[in-house]
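A short worksheet on the structure shown next.
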Amino acid sequence: MGARVPALLLAGLLAAPFALTAGPAAAQVRSVEVRSPRPFGIFLGDLVEAQVEILADPDFRLQRATLPQPGPVTYWLDLRAVAVDDVTVAGARRVRLRLTYQSFYAALDARTLEVPGFPLTLASEAATGLTTAAVQVPGWSLGVSPLREVQPQRREDPAEYLRPDGRGGRIDPGPDVAAAAGLGTLAGLAALALAHDRAWGPFRTRRGRPFATALRVLRRQRAGAEPDQAYRAALLALHRGLDQTAGRRVLADDLGDVLARHGAFRGQAEGLARFFEASRLAFFGGRLPAARAAWPLAEAEMLLARLAAAERSA
């Protein structure tokens, strides 16, 4: 539906108070039209969309301060949102408002209600001053409907006003239970495989992950032992991890051969070389503080974590 206003709305045209020229200017507001996609069959709580389109001379702009603000419009109608599209098309200024209302009218019968209009202001700024034009957006009609009939057909037995509950078909839970059991079994097997791969739970002490075991020993010693004792335990844990990986005792001169045979750990060659230097200072040089300063316990833990990750992916 649509409601139109005469093309020339000059009655509300005023010169701005701060304009440089005192006389009124001829402003052209060509048309005002209100459209609503469905202005009927509106129930309590429904959202209603409306569109207002204004055509004016291209030098006029909408004064956004004059737009209606979201909130109550009447006792039964609220304005929820206002969107504006203000562009120049085909030698004219087109101002398009998209209004969203919500109806709170509890209708007892189908009837037509009036949505009130509202004023807007357009303005044109020139070198001689600011010219304004008032535009009145017209009201429009809205058809509301009741949610239920006021007076139903008379029946002898009051129970006839009630309708029986609908009956749904019986659903056999067997296939769903079987599918859930199968998927649960697959999930358990996947979790078991993951625990085995990551050496979790009962697989923590399994063979084949000496660096992971050494990392756990280091963290346990670091949490409960004295700093010097924890540092010695970390060095020994790393030695035992290398020995188990190589299958024999590994000295500093053997490192190149071990890395050549276990390529997954070649990226840690620099860290392992520093480890052997610290081990030589701590165990053979009697200079434990110097060893801790050259290669702190935190670096030992990080090196073991990287070796354990490489061991897991190998």
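Order determines the names: the first chain of the structure tokens is A, the second B, and so forth; residues in each chain are numbered 1 upward, and ligands are numbered 1 upward as they are shown.
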
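Backbone DSSP over range 103-146 of chain A gives strand (DSSP E) for A:Ser103, A:Arg111, A:Thr112, A:Leu113, A:Glu114, A:Val115, A:Phe118, A:Pro119, A:Leu120, A:Thr121, A:Leu122, A:Ala123, A:Ser124, A:Glu125, A:Ala126, A:Gly129, A:Leu130, A:Thr131, A:Thr132, A:Ala133, A:Ala134, A:Val135, A:Gln136, A:Val137, A:Trp140, A:Ser141, A:Leu142, A:Gly143, A:Val144.
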
Write the selection just made, keeping N, CA, C and O atoms, as an mmCIF file, in the first residue's frame?
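Dumped everything to again-v5.cif:
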data_model
loop_
_atom_site.group_PDB
_atom_site.id
_atom_site.type_symbol
_atom_site.label_atom_id
_atom_site.label_comp_id
_atom_site.auth_asym_id
_atom_site.auth_seq_id
_atom_site.Cartn_x
_atom_site.Cartn_y
_atom_site.Cartn_z
ATOM 1 N N SER A 103 3.895 -4.290 17.097
ATOM 2 C CA SER A 103 2.522 -4.075 17.558
ATOM 3 C C SER A 103 2.293 -4.804 18.884
ATOM 4 O O SER A 103 2.650 -5.968 19.033
ATOM 5 N N ARG A 111 -9.509 -5.259 12.859
ATOM 6 C CA ARG A 111 -9.801 -3.840 12.717
ATOM 7 C C ARG A 111 -8.586 -3.125 12.146
ATOM 8 O O ARG A 111 -7.481 -3.669 12.105
ATOM 9 N N THR A 112 -8.832 -1.880 11.726
ATOM 10 C CA THR A 112 -7.778 -1.048 11.135
ATOM 11 C C THR A 112 -7.383 0.043 12.120
ATOM 12 O O THR A 112 -8.245 0.744 12.655
ATOM 13 N N LEU A 113 -6.088 0.180 12.339
ATOM 14 C CA LEU A 113 -5.550 1.207 13.228
ATOM 15 C C LEU A 113 -4.669 2.155 12.429
ATOM 16 O O LEU A 113 -4.128 1.787 11.383
ATOM 17 N N GLU A 114 -4.520 3.362 12.941
ATOM 18 C CA GLU A 114 -3.722 4.377 12.266
ATOM 19 C C GLU A 114 -2.346 4.491 12.918
ATOM 20 O O GLU A 114 -2.241 4.700 14.130
ATOM 21 N N VAL A 115 -1.323 4.357 12.114
ATOM 22 C CA VAL A 115 0.046 4.610 12.566
ATOM 23 C C VAL A 115 0.327 6.091 12.339
ATOM 24 O O VAL A 115 0.227 6.569 11.205
ATOM 25 N N PHE A 118 5.008 11.636 11.117
ATOM 26 C CA PHE A 118 6.000 12.397 11.882
ATOM 27 C C PHE A 118 6.667 13.412 10.945
ATOM 28 O O PHE A 118 6.716 13.213 9.727
ATOM 29 N N PRO A 119 7.190 14.503 11.493
ATOM 30 C CA PRO A 119 7.854 15.509 10.664
ATOM 31 C C PRO A 119 9.346 15.218 10.509
ATOM 32 O O PRO A 119 9.977 14.619 11.367
ATOM 33 N N LEU A 120 9.887 15.672 9.385
ATOM 34 C CA LEU A 120 11.319 15.633 9.130
ATOM 35 C C LEU A 120 11.754 16.989 8.606
ATOM 36 O O LEU A 120 10.927 17.808 8.188
ATOM 37 N N THR A 121 13.041 17.210 8.594
ATOM 38 C CA THR A 121 13.583 18.468 8.077
ATOM 39 C C THR A 121 14.701 18.166 7.094
ATOM 40 O O THR A 121 15.599 17.363 7.380
ATOM 41 N N LEU A 122 14.599 18.812 5.907
ATOM 42 C CA LEU A 122 15.673 18.787 4.930
ATOM 43 C C LEU A 122 16.366 20.139 4.940
ATOM 44 O O LEU A 122 15.742 21.160 5.254
ATOM 45 N N ALA A 123 17.639 20.172 4.572
ATOM 46 C CA ALA A 123 18.378 21.434 4.589
ATOM 47 C C ALA A 123 19.290 21.506 3.383
ATOM 48 O O ALA A 123 19.810 20.499 2.905
ATOM 49 N N SER A 124 19.452 22.740 2.889
ATOM 50 C CA SER A 124 20.359 23.020 1.775
ATOM 51 C C SER A 124 21.296 24.133 2.208
ATOM 52 O O SER A 124 20.855 25.213 2.597
ATOM 53 N N GLU A 125 22.590 23.846 2.150
ATOM 54 C CA GLU A 125 23.578 24.830 2.573
ATOM 55 C C GLU A 125 24.254 25.416 1.346
ATOM 56 O O GLU A 125 24.787 24.698 0.497
ATOM 57 N N ALA A 126 24.221 26.739 1.241
ATOM 58 C CA ALA A 126 24.839 27.458 0.131
ATOM 59 C C ALA A 126 25.692 28.586 0.691
ATOM 60 O O ALA A 126 25.756 28.815 1.898
ATOM 61 N N GLY A 129 23.746 31.049 2.809
ATOM 62 C CA GLY A 129 23.147 30.642 4.076
ATOM 63 C C GLY A 129 22.567 29.244 4.006
ATOM 64 O O GLY A 129 22.773 28.505 3.035
ATOM 65 N N LEU A 130 21.843 28.888 5.027
ATOM 66 C CA LEU A 130 21.238 27.565 5.161
ATOM 67 C C LEU A 130 19.729 27.686 5.018
ATOM 68 O O LEU A 130 19.087 28.467 5.718
ATOM 69 N N THR A 131 19.174 26.891 4.110
ATOM 70 C CA THR A 131 17.734 26.887 3.887
ATOM 71 C C THR A 131 17.171 25.544 4.333
ATOM 72 O O THR A 131 17.732 24.501 4.003
ATOM 73 N N THR A 132 16.088 25.577 5.094
ATOM 74 C CA THR A 132 15.475 24.340 5.577
ATOM 75 C C THR A 132 14.075 24.187 5.008
ATOM 76 O O THR A 132 13.408 25.169 4.680
ATOM 77 N N ALA A 133 13.658 22.943 4.895
ATOM 78 C CA ALA A 133 12.302 22.628 4.422
ATOM 79 C C ALA A 133 11.715 21.553 5.318
ATOM 80 O O ALA A 133 12.361 20.526 5.569
ATOM 81 N N ALA A 134 10.507 21.791 5.831
ATOM 82 C CA ALA A 134 9.831 20.815 6.681
ATOM 83 C C ALA A 134 9.049 19.837 5.819
ATOM 84 O O ALA A 134 8.366 20.232 4.873
ATOM 85 N N VAL A 135 9.150 18.570 6.130
ATOM 86 C CA VAL A 135 8.445 17.511 5.406
ATOM 87 C C VAL A 135 7.604 16.736 6.414
ATOM 88 O O VAL A 135 8.121 16.294 7.442
ATOM 89 N N GLN A 136 6.335 16.573 6.129
ATOM 90 C CA GLN A 136 5.457 15.807 6.992
ATOM 91 C C GLN A 136 5.232 14.424 6.380
ATOM 92 O O GLN A 136 4.654 14.291 5.304
ATOM 93 N N VAL A 137 5.735 13.390 7.051
ATOM 94 C CA VAL A 137 5.491 12.022 6.607
ATOM 95 C C VAL A 137 4.082 11.640 7.057
ATOM 96 O O VAL A 137 3.759 11.723 8.249
ATOM 97 N N TRP A 140 -0.341 6.107 8.195
ATOM 98 C CA TRP A 140 -0.808 5.036 7.331
ATOM 99 C C TRP A 140 -1.588 4.021 8.157
ATOM 100 O O TRP A 140 -1.529 4.026 9.380
ATOM 101 N N SER A 141 -2.308 3.166 7.485
ATOM 102 C CA SER A 141 -3.221 2.230 8.155
ATOM 103 C C SER A 141 -2.571 0.869 8.339
ATOM 104 O O SER A 141 -1.763 0.421 7.520
ATOM 105 N N LEU A 142 -2.986 0.213 9.431
ATOM 106 C CA LEU A 142 -2.459 -1.100 9.767
ATOM 107 C C LEU A 142 -3.620 -1.973 10.215
ATOM 108 O O LEU A 142 -4.391 -1.588 11.096
ATOM 109 N N GLY A 143 -3.766 -3.129 9.599
ATOM 110 C CA GLY A 143 -4.850 -4.044 9.942
ATOM 111 C C GLY A 143 -4.397 -5.080 10.945
ATOM 112 O O GLY A 143 -3.454 -5.835 10.691
ATOM 113 N N VAL A 144 -5.028 -5.123 12.120
ATOM 114 C CA VAL A 144 -4.669 -6.081 13.164
ATOM 115 C C VAL A 144 -5.743 -7.160 13.250
ATOM 116 O O VAL A 144 -6.905 -6.934 12.901
#

### Task
Fewer than 6 positions away in the same chain doesn't count, so skip those; otherwise give me all residues within 12 Å of Ala56 in chain A, counting only C-alpha atoms, as a ChimeraX atom specification.
/A:7-10,26-32,62,86-96,121-124,132-135

For the residues selected in the previous step, produce a file with N, CA, C and O atoms as a compact mmCIF listing (two decimals), in the first residue's frame.
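Written file, selection_30.txt:
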# COMPACT_ATOMS: atom_id res chain seq x y z
N ALA A 7 3.42 17.07 -4.33
CA ALA A 7 4.83 17.19 -4.66
C ALA A 7 5.48 18.40 -4.03
O ALA A 7 6.64 18.37 -3.66
N LEU A 8 4.78 19.51 -3.89
CA LEU A 8 5.39 20.74 -3.36
C LEU A 8 4.96 20.90 -1.92
O LEU A 8 3.79 21.06 -1.63
N LEU A 9 5.94 20.83 -1.00
CA LEU A 9 5.65 21.05 0.42
C LEU A 9 6.42 22.30 0.82
O LEU A 9 7.52 22.23 1.37
N LEU A 10 5.84 23.48 0.52
CA LEU A 10 6.54 24.73 0.77
C LEU A 10 6.04 25.43 2.02
O LEU A 10 6.62 26.43 2.44
N ALA A 26 13.16 29.11 -2.15
CA ALA A 26 12.20 28.19 -2.76
C ALA A 26 12.79 26.79 -2.76
O ALA A 26 13.68 26.49 -3.53
N ALA A 27 12.32 25.95 -1.85
CA ALA A 27 12.82 24.58 -1.74
C ALA A 27 11.81 23.64 -2.37
O ALA A 27 10.61 23.78 -2.16
N GLN A 28 12.28 22.67 -3.10
CA GLN A 28 11.42 21.73 -3.79
C GLN A 28 11.51 20.36 -3.12
O GLN A 28 12.55 19.73 -3.12
N VAL A 29 10.42 19.90 -2.48
CA VAL A 29 10.25 18.53 -2.01
C VAL A 29 9.24 17.90 -2.95
O VAL A 29 8.07 18.26 -2.94
N ARG A 30 9.69 17.01 -3.76
CA ARG A 30 8.88 16.57 -4.89
C ARG A 30 7.80 15.55 -4.50
O ARG A 30 6.69 15.59 -5.02
N SER A 31 8.13 14.63 -3.61
CA SER A 31 7.12 13.63 -3.22
C SER A 31 7.54 12.95 -1.93
O SER A 31 8.71 12.89 -1.59
N VAL A 32 6.52 12.48 -1.22
CA VAL A 32 6.71 11.67 -0.01
C VAL A 32 5.78 10.47 -0.13
O VAL A 32 4.58 10.64 -0.34
N LEU A 62 19.00 15.37 4.37
CA LEU A 62 18.19 15.09 5.55
C LEU A 62 18.93 15.52 6.81
O LEU A 62 20.12 15.24 6.98
N ASP A 86 20.45 7.78 2.06
CA ASP A 86 20.35 9.15 1.54
C ASP A 86 21.31 9.28 0.38
O ASP A 86 22.53 9.38 0.56
N VAL A 87 20.77 9.24 -0.88
CA VAL A 87 21.62 9.26 -2.07
C VAL A 87 21.02 10.19 -3.12
O VAL A 87 19.85 10.58 -3.06
N THR A 88 21.85 10.53 -4.11
CA THR A 88 21.41 11.33 -5.26
C THR A 88 21.19 10.39 -6.43
O THR A 88 22.09 9.65 -6.82
N VAL A 89 19.98 10.43 -7.02
CA VAL A 89 19.64 9.58 -8.16
C VAL A 89 18.87 10.39 -9.17
O VAL A 89 17.93 11.10 -8.84
N ALA A 90 19.30 10.30 -10.43
CA ALA A 90 18.57 10.90 -11.54
C ALA A 90 18.23 12.37 -11.29
O ALA A 90 17.10 12.81 -11.48
N GLY A 91 19.20 13.15 -10.87
CA GLY A 91 19.01 14.57 -10.68
C GLY A 91 18.14 14.94 -9.50
O GLY A 91 17.63 16.07 -9.45
N ALA A 92 17.95 14.05 -8.55
CA ALA A 92 17.13 14.34 -7.37
C ALA A 92 17.78 13.70 -6.15
O ALA A 92 18.61 12.80 -6.27
N ARG A 93 17.40 14.19 -5.00
CA ARG A 93 17.87 13.62 -3.74
C ARG A 93 16.82 12.64 -3.23
O ARG A 93 15.65 13.03 -3.05
N ARG A 94 17.23 11.38 -3.03
CA ARG A 94 16.28 10.38 -2.55
C ARG A 94 16.67 10.00 -1.12
O ARG A 94 17.76 9.52 -0.86
N VAL A 95 15.74 10.23 -0.21
CA VAL A 95 15.91 9.84 1.18
C VAL A 95 14.96 8.68 1.44
O VAL A 95 13.74 8.82 1.29
N ARG A 96 15.52 7.53 1.82
CA ARG A 96 14.70 6.35 2.06
C ARG A 96 14.89 5.91 3.51
O ARG A 96 16.00 5.64 3.95
N THR A 121 13.04 17.21 8.59
CA THR A 121 13.58 18.47 8.08
C THR A 121 14.70 18.17 7.09
O THR A 121 15.60 17.36 7.38
N LEU A 122 14.60 18.81 5.91
CA LEU A 122 15.67 18.79 4.93
C LEU A 122 16.37 20.14 4.94
O LEU A 122 15.74 21.16 5.25
N ALA A 123 17.64 20.17 4.57
CA ALA A 123 18.38 21.43 4.59
C ALA A 123 19.29 21.51 3.38
O ALA A 123 19.81 20.50 2.91
N SER A 124 19.45 22.74 2.89
CA SER A 124 20.36 23.02 1.77
C SER A 124 21.30 24.13 2.21
O SER A 124 20.85 25.21 2.60
N THR A 132 16.09 25.58 5.09
CA THR A 132 15.48 24.34 5.58
C THR A 132 14.07 24.19 5.01
O THR A 132 13.41 25.17 4.68
N ALA A 133 13.66 22.94 4.90
CA ALA A 133 12.30 22.63 4.42
C ALA A 133 11.72 21.55 5.32
O ALA A 133 12.36 20.53 5.57
N ALA A 134 10.51 21.79 5.83
CA ALA A 134 9.83 20.81 6.68
C ALA A 134 9.05 19.84 5.82
O ALA A 134 8.37 20.23 4.87
N VAL A 135 9.15 18.57 6.13
CA VAL A 135 8.45 17.51 5.41
C VAL A 135 7.60 16.74 6.41
O VAL A 135 8.12 16.29 7.44

What's around range 146-148 of chain A at 6 Å? Count only C-alpha atoms, leave out sequence neighbours fewer than 5 positions away in its own chain, and write the answer as a CSV table (one decimal) with all heavy atoms, in the first residue's frame.
chain,number,residue,atom,x,y,z
A,107,ALA,N,-6.0,-7.5,19.9
A,107,ALA,CA,-7.2,-7.3,19.2
A,107,ALA,C,-8.3,-8.4,19.6
A,107,ALA,O,-7.9,-9.5,19.7
A,107,ALA,CB,-7.0,-7.3,17.7
A,108,LEU,N,-9.5,-7.9,19.7
A,108,LEU,CA,-10.6,-8.9,19.9
A,108,LEU,C,-11.3,-9.2,18.6
A,108,LEU,O,-12.1,-10.2,18.5
A,108,LEU,CB,-11.6,-8.3,20.9
A,108,LEU,CG,-11.1,-8.1,22.4
A,108,LEU,CD1,-12.1,-7.5,23.2
A,108,LEU,CD2,-10.5,-9.4,22.9
A,109,ASP,N,-11.1,-8.4,17.6
A,109,ASP,CA,-11.7,-8.6,16.3
A,109,ASP,C,-10.7,-7.9,15.3
A,109,ASP,O,-9.8,-7.1,15.6
A,109,ASP,CB,-13.1,-8.1,16.2
A,109,ASP,CG,-13.2,-6.6,16.5
A,109,ASP,OD1,-12.1,-6.0,16.8
A,109,ASP,OD2,-14.3,-6.0,16.6

### Nearest residue to Pro227 in chain A from the set A:Leu55, A:Leu288, A:Tyr105, A:Leu77 (distances using only C-alpha atoms)
A:Leu288

### Two-atom distance - CA of Ala305 in chain A, CA of Arg216 in chain A (Å)
9.6 Å

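Of the listed residues (A:Arg274, A:Arg232, A:Arg163, A:Arg222), A:Arg232 comes nearest to Pro289 in chain A; the distances count only C-alpha atoms.
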
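Distances here use only C-alpha atoms; by that measure, the residue among A:Leu242, A:Ala260, A:Leu255, A:Ala278 closest to Ala214 in chain A is A:Leu242.
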
### Message
Using DSSP assignments from the backbone, pull out every residue in range 153-214 of chain A that falls under alpha helix (DSSP H) and give it to me as a PyMOL selection string.
### Response
chain A and resi 174-198+210-214

## Note on the structure
Nearest to Ala212 in chain A, restricted to only C-alpha atoms and choosing among A:Leu238, A:Ala106, A:Leu183, A:Val52, comes out as A:Leu238

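Going from CA of Gln102 in chain A to CA of Pro116 in chain A covers 13.7 Å.
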
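The space between CA of Arg306 in chain A and CA of Thr213 in chain A spans 13.0 Å.
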
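Of the listed residues (A:Leu251, A:Leu281, A:Val217, A:Ala290), A:Val217 comes nearest to Leu304 in chain A; the distances count only C-alpha atoms.
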